[in-house]
$ cat upload_5.cif   # mmCIF, C-alpha atoms
data_work
#
loop_
_atom_site.group_PDB
_atom_site.id
_atom_site.type_symbol
_atom_site.label_atom_id
_atom_site.label_comp_id
_atom_site.auth_asym_id
_atom_site.auth_seq_id
_atom_site.Cartn_x
_atom_site.Cartn_y
_atom_site.Cartn_z
ATOM 1 C CA MET A 24 78.186 155.725 21.106
ATOM 2 C CA GLU A 25 77.427 153.151 23.792
ATOM 3 C CA ILE A 26 75.459 154.336 26.813
ATOM 4 C CA PRO A 27 77.652 153.630 29.853
ATOM 5 C CA TYR A 28 76.628 151.646 32.918
ATOM 6 C CA THR A 29 73.689 149.797 31.397
ATOM 7 C CA VAL A 30 75.118 146.532 32.720
ATOM 8 C CA GLU A 31 78.206 147.213 34.807
ATOM 9 C CA PRO A 32 77.619 149.224 38.008
ATOM 10 C CA ARG A 33 78.756 152.806 38.347
ATOM 11 C CA PRO A 34 81.847 153.060 40.551
ATOM 12 C CA ASP A 35 80.301 155.756 42.779
ATOM 13 C CA SER A 36 76.854 154.279 43.465
ATOM 14 C CA GLY A 37 77.565 150.609 42.802
ATOM 15 C CA LEU A 38 74.389 150.546 40.689
ATOM 16 C CA ALA A 39 73.631 150.317 36.974
ATOM 17 C CA ASN A 40 71.780 153.351 35.601
ATOM 18 C CA GLY A 41 68.529 151.476 35.062
ATOM 19 C CA LYS A 42 68.414 150.182 38.633
ATOM 20 C CA LEU A 43 68.757 153.631 40.194
ATOM 21 C CA GLY A 44 66.366 155.020 37.570
ATOM 22 C CA ILE A 45 63.586 152.536 38.289
ATOM 23 C CA TRP A 46 63.903 153.067 42.058
ATOM 24 C CA LEU A 47 63.651 156.851 41.642
ATOM 25 C CA PHE A 48 60.600 156.296 39.438
ATOM 26 C CA LEU A 49 59.070 154.047 42.098
ATOM 27 C CA ALA A 50 59.783 156.742 44.705
ATOM 28 C CA SER A 51 57.719 159.178 42.605
ATOM 29 C CA GLU A 52 54.998 156.527 42.363
ATOM 30 C CA VAL A 53 54.934 156.231 46.158
ATOM 31 C CA MET A 54 54.225 159.962 46.291
ATOM 32 C CA LEU A 55 51.500 159.681 43.627
ATOM 33 C CA PHE A 56 49.624 156.898 45.402
ATOM 34 C CA GLY A 57 50.504 158.479 48.755
ATOM 35 C CA ALA A 58 48.651 161.638 47.745
ATOM 36 C CA LEU A 59 45.578 159.575 46.897
ATOM 37 C CA PHE A 60 45.754 157.528 50.108
ATOM 38 C CA SER A 61 46.042 160.809 51.966
ATOM 39 C CA THR A 62 42.943 162.038 50.121
ATOM 40 C CA TYR A 63 41.130 158.836 51.090
ATOM 41 C CA ILE A 64 41.965 159.367 54.776
ATOM 42 C CA LEU A 65 40.810 163.004 54.618
ATOM 43 C CA LEU A 66 37.531 162.068 52.921
ATOM 44 C CA ARG A 67 36.874 159.208 55.294
ATOM 45 C CA VAL A 68 37.669 161.149 58.459
ATOM 46 C CA GLY A 69 35.489 164.024 57.274
ATOM 47 C CA ALA A 70 32.530 161.842 56.268
ATOM 48 C CA THR A 71 29.551 161.524 58.614
ATOM 49 C CA GLU A 72 29.044 157.937 57.420
ATOM 50 C CA TRP A 73 31.085 155.568 55.280
ATOM 51 C CA PRO A 74 29.560 152.696 53.289
ATOM 52 C CA HIS A 75 30.421 149.079 54.095
ATOM 53 C CA GLY A 76 29.901 146.021 51.933
ATOM 54 C CA GLU A 77 29.407 147.918 48.670
ATOM 55 C CA LEU A 78 32.172 145.996 46.928
ATOM 56 C CA SER A 79 32.496 142.275 46.280
ATOM 57 C CA VAL A 80 35.076 140.951 48.776
ATOM 58 C CA LYS A 81 35.173 137.706 46.790
ATOM 59 C CA LEU A 82 36.258 139.450 43.563
ATOM 60 C CA GLY A 83 38.725 141.642 45.450
ATOM 61 C CA ALA A 84 40.257 138.617 47.179
ATOM 62 C CA ILE A 85 40.486 136.711 43.877
ATOM 63 C CA ASN A 86 42.289 139.691 42.323
ATOM 64 C CA THR A 87 44.677 139.807 45.292
ATOM 65 C CA VAL A 88 45.522 136.122 44.780
ATOM 66 C CA ILE A 89 45.994 136.743 41.039
ATOM 67 C CA LEU A 90 48.431 139.620 41.628
ATOM 68 C CA ILE A 91 50.396 137.700 44.272
ATOM 69 C CA CYS A 92 50.746 134.753 41.848
ATOM 70 C CA SER A 93 51.827 137.167 39.093
ATOM 71 C CA SER A 94 54.513 138.594 41.387
ATOM 72 C CA VAL A 95 55.831 135.065 41.969
ATOM 73 C CA THR A 96 55.874 134.284 38.226
ATOM 74 C CA MET A 97 57.585 137.629 37.542
ATOM 75 C CA VAL A 98 60.410 136.990 39.977
ATOM 76 C CA MET A 99 60.673 133.415 38.629
ATOM 77 C CA ALA A 100 61.053 134.813 35.094
ATOM 78 C CA TRP A 101 64.024 136.862 36.269
ATOM 79 C CA ALA A 102 65.534 133.926 38.220
ATOM 80 C CA SER A 103 65.164 131.601 35.205
ATOM 81 C CA LEU A 104 66.932 134.083 32.937
ATOM 82 C CA LYS A 105 69.692 134.479 35.530
ATOM 83 C CA LEU A 106 70.067 130.691 35.357
ATOM 84 C CA ASN A 107 70.418 131.024 31.568
ATOM 85 C CA ASN A 108 67.071 129.352 30.857
ATOM 86 C CA PHE A 109 65.476 131.628 28.249
ATOM 87 C CA SER A 110 62.461 129.476 27.355
ATOM 88 C CA LYS A 111 61.458 129.043 30.999
ATOM 89 C CA GLY A 112 61.976 132.741 31.681
ATOM 90 C CA ARG A 113 59.782 133.624 28.726
ATOM 91 C CA LEU A 114 57.097 131.189 29.842
ATOM 92 C CA TYR A 115 56.983 132.735 33.322
ATOM 93 C CA LEU A 116 56.777 136.199 31.784
ATOM 94 C CA LEU A 117 53.908 135.074 29.550
ATOM 95 C CA VAL A 118 52.059 133.638 32.566
ATOM 96 C CA THR A 119 52.553 136.991 34.320
ATOM 97 C CA VAL A 120 50.957 138.804 31.368
ATOM 98 C CA ILE A 121 48.033 136.363 31.354
ATOM 99 C CA LEU A 122 47.473 136.813 35.101
ATOM 100 C CA ALA A 123 47.587 140.595 34.649
ATOM 101 C CA ALA A 124 44.987 140.325 31.876
ATOM 102 C CA VAL A 125 42.749 138.145 34.074
ATOM 103 C CA PHE A 126 43.016 140.802 36.801
ATOM 104 C CA LEU A 127 41.799 143.426 34.341
ATOM 105 C CA VAL A 128 38.930 141.227 33.136
ATOM 106 C CA ASN A 129 37.801 140.795 36.768
ATOM 107 C CA LYS A 130 38.041 144.533 37.256
ATOM 108 C CA TYR A 131 35.983 145.098 34.098
ATOM 109 C CA PHE A 132 33.167 142.905 35.461
ATOM 110 C CA GLU A 133 33.321 144.747 38.762
ATOM 111 C CA TYR A 134 33.148 148.168 37.092
ATOM 112 C CA ALA A 135 30.407 147.048 34.679
ATOM 113 C CA ASP A 136 28.285 145.781 37.582
ATOM 114 C CA HIS A 137 28.541 149.124 39.386
ATOM 115 C CA LEU A 138 27.888 151.206 36.289
ATOM 116 C CA ALA A 139 24.875 149.053 35.320
ATOM 117 C CA ARG A 140 23.333 150.027 38.672
ATOM 118 C CA GLY A 141 24.127 153.681 38.029
ATOM 119 C CA GLU A 142 26.864 153.620 40.658
ATOM 120 C CA GLY A 143 29.562 155.596 38.894
ATOM 121 C CA PRO A 144 32.186 157.835 40.512
ATOM 122 C CA TRP A 145 29.540 160.599 40.724
ATOM 123 C CA HIS A 146 27.300 158.455 42.953
ATOM 124 C CA SER A 147 29.131 158.917 46.262
ATOM 125 C CA THR A 148 32.396 160.085 47.805
ATOM 126 C CA PHE A 149 33.343 156.467 48.468
ATOM 127 C CA LEU A 150 32.811 155.422 44.844
ATOM 128 C CA ALA A 151 34.651 158.523 43.620
ATOM 129 C CA ILE A 152 37.801 157.600 45.551
ATOM 130 C CA TYR A 153 37.276 153.892 44.739
ATOM 131 C CA PHE A 154 37.190 154.519 40.976
ATOM 132 C CA THR A 155 40.106 156.968 41.186
ATOM 133 C CA LEU A 156 42.378 154.628 43.154
ATOM 134 C CA THR A 157 41.518 151.414 41.327
ATOM 135 C CA GLY A 158 41.426 153.207 37.946
ATOM 136 C CA LEU A 159 44.939 154.562 38.434
ATOM 137 C CA HIS A 160 46.076 151.149 39.629
ATOM 138 C CA GLY A 161 44.448 149.573 36.566
ATOM 139 C CA LEU A 162 46.359 151.971 34.305
ATOM 140 C CA HIS A 163 49.556 150.780 35.970
ATOM 141 C CA ILE A 164 48.566 147.180 35.242
ATOM 142 C CA ILE A 165 48.029 148.102 31.561
ATOM 143 C CA GLY A 166 51.435 149.849 31.510
ATOM 144 C CA GLY A 167 53.072 146.723 32.942
ATOM 145 C CA ILE A 168 51.386 144.515 30.352
ATOM 146 C CA VAL A 169 52.639 146.755 27.514
ATOM 147 C CA VAL A 170 56.245 146.590 28.792
ATOM 148 C CA MET A 171 56.089 142.818 29.346
ATOM 149 C CA LEU A 172 54.620 142.237 25.879
ATOM 150 C CA TYR A 173 57.475 144.279 24.422
ATOM 151 C CA LEU A 174 60.012 142.186 26.336
ATOM 152 C CA LEU A 175 58.271 139.006 25.166
ATOM 153 C CA GLY A 176 58.097 140.174 21.546
ATOM 154 C CA PRO A 177 60.425 142.635 19.807
ATOM 155 C CA GLY A 178 62.514 143.287 22.924
ATOM 156 C CA ALA A 179 63.361 139.591 23.331
ATOM 157 C CA GLY A 180 65.933 139.813 20.528
ATOM 158 C CA MET A 181 68.252 141.444 23.020
ATOM 159 C CA TRP A 182 68.722 138.053 24.709
ATOM 160 C CA LYS A 183 70.992 137.091 21.803
ATOM 161 C CA THR A 184 72.861 140.386 21.440
ATOM 162 C CA HIS A 185 72.945 141.906 24.961
ATOM 163 C CA GLN A 186 71.961 139.121 27.314
ATOM 164 C CA GLU A 187 72.865 140.786 30.611
ATOM 165 C CA GLN A 188 71.115 144.000 29.637
ATOM 166 C CA TYR A 189 67.974 142.006 28.772
ATOM 167 C CA VAL A 190 68.043 140.279 32.168
ATOM 168 C CA ASN A 191 68.432 143.682 33.827
ATOM 169 C CA ARG A 192 65.401 144.981 31.944
ATOM 170 C CA ILE A 193 63.369 142.028 33.202
ATOM 171 C CA GLU A 194 64.570 142.815 36.728
ATOM 172 C CA TYR A 195 63.518 146.482 36.440
ATOM 173 C CA THR A 196 60.141 145.484 34.997
ATOM 174 C CA GLY A 197 59.819 143.074 37.914
ATOM 175 C CA LEU A 198 60.515 145.832 40.429
ATOM 176 C CA TYR A 199 57.756 147.901 38.845
ATOM 177 C CA TRP A 200 55.393 144.911 38.839
ATOM 178 C CA HIS A 201 56.019 144.078 42.503
ATOM 179 C CA PHE A 202 55.296 147.718 43.342
ATOM 180 C CA VAL A 203 51.947 147.456 41.523
ATOM 181 C CA ASP A 204 51.243 144.314 43.574
ATOM 182 C CA LEU A 205 52.286 146.119 46.758
ATOM 183 C CA VAL A 206 49.859 148.977 46.085
ATOM 184 C CA TRP A 207 47.009 146.472 45.618
ATOM 185 C CA ILE A 208 47.939 144.750 48.894
ATOM 186 C CA PHE A 209 46.983 148.021 50.624
ATOM 187 C CA LEU A 210 44.074 148.908 48.315
ATOM 188 C CA PHE A 211 42.276 145.615 48.960
ATOM 189 C CA PRO A 212 41.702 145.974 52.726
ATOM 190 C CA VAL A 213 41.276 149.751 52.575
ATOM 191 C CA LEU A 214 38.544 149.705 49.912
ATOM 192 C CA TYR A 215 36.955 146.255 50.161
ATOM 193 C CA LEU A 216 37.094 145.366 53.831
ATOM 194 C CA LEU A 217 37.131 148.493 55.980
ATOM 195 C CA MET B 12 71.879 140.912 43.972
ATOM 196 C CA HIS B 13 72.807 137.227 43.633
ATOM 197 C CA ALA B 14 75.027 136.343 40.714
ATOM 198 C CA ASP B 15 75.971 132.685 41.136
ATOM 199 C CA PRO B 16 73.493 129.943 40.146
ATOM 200 C CA GLU B 17 73.528 128.222 43.558
ATOM 201 C CA ALA B 18 72.462 131.429 45.321
ATOM 202 C CA ILE B 19 69.665 131.967 42.789
ATOM 203 C CA LYS B 20 68.421 128.395 43.195
ATOM 204 C CA LYS B 21 68.321 129.032 46.936
ATOM 205 C CA SER B 22 66.415 132.285 46.337
ATOM 206 C CA ILE B 23 63.793 130.457 44.275
ATOM 207 C CA ARG B 24 62.797 128.457 47.375
ATOM 208 C CA SER B 25 62.361 131.680 49.332
ATOM 209 C CA TYR B 26 60.275 133.209 46.495
ATOM 210 C CA MET B 27 57.935 130.217 46.627
ATOM 211 C CA PHE B 28 57.737 130.350 50.416
ATOM 212 C CA ILE B 29 56.984 134.081 50.448
ATOM 213 C CA GLY B 30 54.380 133.624 47.683
ATOM 214 C CA ALA B 31 52.647 130.972 49.807
ATOM 215 C CA MET B 32 52.846 133.167 52.919
ATOM 216 C CA LEU B 33 51.271 136.077 51.020
ATOM 217 C CA LEU B 34 48.364 133.841 50.036
ATOM 218 C CA VAL B 35 47.972 132.663 53.655
ATOM 219 C CA PHE B 36 47.956 136.254 54.921
ATOM 220 C CA THR B 37 45.349 137.180 52.280
ATOM 221 C CA GLY B 38 43.199 134.334 53.616
ATOM 222 C CA ILE B 39 43.700 135.617 57.176
ATOM 223 C CA THR B 40 42.715 139.165 56.091
ATOM 224 C CA VAL B 41 39.458 137.902 54.565
ATOM 225 C CA ALA B 42 38.779 135.570 57.531
ATOM 226 C CA VAL B 43 39.270 138.382 60.070
ATOM 227 C CA ASN B 44 36.754 140.436 58.092
ATOM 228 C CA GLN B 45 34.100 137.787 58.846
ATOM 229 C CA PHE B 46 34.324 138.538 62.588
ATOM 230 C CA HIS B 47 32.871 142.057 62.061
ATOM 231 C CA LEU B 48 35.228 143.715 64.545
ATOM 232 C CA ALA B 49 34.759 147.319 65.657
ATOM 233 C CA VAL B 50 35.997 149.727 62.957
ATOM 234 C CA PRO B 51 39.167 150.950 64.779
ATOM 235 C CA ALA B 52 40.235 147.370 65.588
ATOM 236 C CA ALA B 53 39.442 146.181 62.046
ATOM 237 C CA ILE B 54 41.437 149.052 60.496
ATOM 238 C CA THR B 55 44.417 148.427 62.794
ATOM 239 C CA LEU B 56 44.450 144.686 62.165
ATOM 240 C CA ALA B 57 43.966 144.959 58.398
ATOM 241 C CA LEU B 58 46.727 147.551 58.066
ATOM 242 C CA ILE B 59 49.123 145.483 60.229
ATOM 243 C CA ILE B 60 48.552 142.438 57.985
ATOM 244 C CA ALA B 61 48.897 144.582 54.827
ATOM 245 C CA THR B 62 52.150 146.050 56.170
ATOM 246 C CA ILE B 63 53.539 142.564 56.871
ATOM 247 C CA LYS B 64 52.588 141.464 53.334
ATOM 248 C CA GLY B 65 54.035 144.632 51.818
ATOM 249 C CA SER B 66 57.293 144.164 53.740
ATOM 250 C CA MET B 67 57.595 140.609 52.427
ATOM 251 C CA VAL B 68 57.102 141.752 48.829
ATOM 252 C CA ALA B 69 59.586 144.614 49.207
ATOM 253 C CA SER B 70 62.293 142.709 51.051
ATOM 254 C CA VAL B 71 62.219 139.421 49.124
ATOM 255 C CA PHE B 72 60.668 139.990 45.679
ATOM 256 C CA MET B 73 62.166 143.476 45.291
ATOM 257 C CA HIS B 74 65.434 142.378 46.940
ATOM 258 C CA LEU B 75 65.364 145.278 49.381
ATOM 259 C CA SER B 76 66.806 143.089 52.117
ATOM 260 C CA HIS B 77 70.212 143.333 50.421
ATOM 261 C CA GLU B 78 70.301 146.496 48.327
ATOM 262 C CA LYS B 79 72.859 149.262 47.869
ATOM 263 C CA LYS B 80 72.866 152.233 50.251
ATOM 264 C CA TRP B 81 71.912 154.673 47.458
ATOM 265 C CA ILE B 82 68.574 152.952 47.108
ATOM 266 C CA TYR B 83 68.010 152.902 50.879
ATOM 267 C CA GLY B 84 68.840 156.625 50.896
ATOM 268 C CA ALA B 85 66.354 157.406 48.116
ATOM 269 C CA LEU B 86 63.670 155.347 49.865
ATOM 270 C CA LEU B 87 64.337 156.948 53.240
ATOM 271 C CA LEU B 88 63.817 160.359 51.665
ATOM 272 C CA THR B 89 60.609 159.065 50.060
ATOM 273 C CA VAL B 90 59.323 157.784 53.405
ATOM 274 C CA VAL B 91 59.949 161.210 54.990
ATOM 275 C CA PHE B 92 58.047 163.002 52.205
ATOM 276 C CA PHE B 93 55.311 160.351 52.283
ATOM 277 C CA VAL B 94 54.728 160.865 56.012
ATOM 278 C CA VAL B 95 54.645 164.658 55.490
ATOM 279 C CA LEU B 96 52.147 164.117 52.670
ATOM 280 C CA LEU B 97 49.912 161.971 54.875
ATOM 281 C CA PHE B 98 49.798 164.624 57.582
ATOM 282 C CA LEU B 99 49.476 167.572 55.194
ATOM 283 C CA PRO B 100 45.634 167.428 55.211
ATOM 284 C CA LEU B 101 45.718 168.076 58.968
ATOM 285 C CA LEU B 102 46.826 171.627 58.179
ATOM 286 C CA THR B 103 43.682 172.190 56.143
ATOM 287 C CA VAL B 104 41.539 170.736 58.933
ATOM 288 C CA LYS B 105 43.069 173.179 61.402
ATOM 289 C CA GLY B 106 42.582 176.030 58.939
ATOM 290 C CA GLY B 107 46.188 177.162 59.253
ATOM 291 C CA ILE B 108 47.067 177.344 55.547
ATOM 292 C CA GLY B 109 47.664 180.923 54.390
ATOM 293 C CA THR B 110 47.866 182.219 57.937
ATOM 294 C CA PRO B 111 51.203 183.322 59.429
ATOM 295 C CA ILE B 112 52.379 181.052 62.238
ATOM 296 C CA GLY B 113 51.155 182.352 65.616
ATOM 297 C CA HIS B 114 48.346 184.415 64.034
ATOM 298 C CA ALA B 115 45.323 182.146 63.993
ATOM 299 C CA PRO B 116 42.369 183.645 62.130
ATOM 300 C CA ALA B 117 39.941 185.295 64.500
ATOM 301 C CA HIS B 118 36.284 184.460 63.986
ATOM 302 C CA ALA B 119 34.327 187.374 62.649
ATOM 303 C CA ALA B 120 31.664 188.790 64.959
ATOM 304 C CA PRO B 121 28.051 188.409 63.804
ATOM 305 C CA GLY B 122 27.132 191.101 61.348
ATOM 306 C CA GLU B 123 30.734 192.144 60.902
ATOM 307 C CA GLY B 124 32.291 192.533 57.437
ATOM 308 C CA HIS B 125 30.748 192.143 53.950
#
$ encode --input "upload_5.cif" --output "structure tokens"
Amino acid sequence: MEIPYTVEPRPDSGLANGKLGIWLFLASEVMLFGALFSTYILLRVGATEWPHGELSVKLGAINTVILICSSVTMVMAWASLKLNNFSKGRLYLLVTVILAAVFLVNKYFEYADHLARGEGPWHSTFLAIYFTLTGLHGLHIIGGIVVMLYLLGPGAGMWKTHQEQYVNRIEYTGLYWHFVDLVWIFLFPVLYLL
Amino acid sequence: MHADPEAIKKSIRSYMFIGAMLLVFTGITVAVNQFHLAVPAAITLALIIATIKGSMVASVFMHLSHEKKWIYGALLLTVVFFVVLLFLPLLTVKGGIGTPIGHAPAHAAPGEGH
């Protein structure tokens, strides 16, 4: 039996199932990160002193640029597929995966540098919330990479059989990816600059 | 959501423009940091810039500028809960959790209890 409303919008909401589903998921993600931002505020307000300049602004800024570029390539992948250009769409998606991987490599060097100096999450309240927030964000990056690799590999066969549904999946993945970018846009100043 | 190719081609230009603007705002954020402003001013400025960047991502890349009302409704509800969540810690600071409203816990006199 075919699952209804995977492509055509529901008459009541005007939305396909996946679209409403991904937005509800993102709403739950807002609450997840919101709880941690709230924790950050509580810890910071309650602290007698808060460290400044412990993190590399240069690496943080580079990672911000990388994620912004990946958001552009992600939305371009969707636009290319909408214009019926599969090879270009795939190329943009591949570039997005590469940029995401570069982000993680940068993060690895950052973590390794801290841990080599014995500055793990146990070292201070600041580093505890830093590792928690960026670690959770990093897990989201890994999740995005897994989904994009699926859509580049085995999932790409859908382009031939269910083209519109495939384009919708890219759109939903894009929504998730832009959210991950959006979270970093707030994490960067909060953790690296303030 | 755009369906016709002409509208999508037009959108591509706005994606590129917004991408460039996000990079410019990132540069501004880092540049402002070099001025070593007072902490309250630095926090305010950095969060204003981050909010502008976030709005650009949400409205253009996530197409929130022209979405269906169901999604706006879900997000409005999320914003309400998010604001409640942000202010929830204040209750713990005031020590009101577990105490009936209007019955603030009285401080125990020295030597009292135990």
$ atom_distance --input "upload_5.cif" --atom1 "CA of Trp73 in chain A" --atom2 "CA of Leu90 in chain A"
27.2 Å
$ residues_around --input "upload_5.cif" --residues "range 96-107 of chain A" --least-positions-apart "3" --cutoff "8 Å" --atoms "only C-alpha atoms" --output "number ranges by chain"
A: 92-93, 111-116, 118-119, 190, 193-194, 197, 200; B: 14, 16, 19-20, 23, 26, 72
$ resolve_selection --input "upload_5.cif" --expression "the PyMOL selection byres ((chain B) within 6 of (chain A))" --output "PyMOL selection string"
chain B and resi 16+61+65+73+89+97
$ atom_distance --input "upload_5.cif" --atom1 "CA of Ala124 in chain A" --atom2 "CA of Ile164 in chain A"
8.4 Å
$ closest_residue --input "upload_5.cif" --among "A:Gly158, A:Leu82, A:Tyr131, A:His75" --to "His47 in chain B" --atoms "only C-alpha atoms"
A:His75
$ atom_distance --input "upload_5.cif" --atom1 "CA of Ser76 in chain B" --atom2 "CA of Val91 in chain B"
19.6 Å
$ closest_residue --input "upload_5.cif" --among "A:Gly166, A:Met171, A:Gly176, A:Leu159" --to "Arg192 in chain A" --atoms "all atoms listed in the file"
A:Met171
$ residues_around --input "upload_5.cif" --residues "Ile59 in chain B" --least-positions-apart "3" --cutoff "12 Å" --atoms "all atoms listed in the file" --output "number ranges by chain"
A: 208-209, 212-213; B: 36, 39-40, 52-56, 62-66
$ resolve_selection --input "upload_5.cif" --expression "the PyMOL selection byres ((chain A and resi 165) around 12)" --output "list in words"
Val120, Ile121, Leu122, Ala123, Ala124, Val125, Phe126, Leu127, Val128, Gly158, Leu159, His160, Gly161, Leu162, His163, Ile164, Gly166, Gly167, Ile168, Val169, Val170, Met171, Leu172, Trp200 and Val203 of chain A
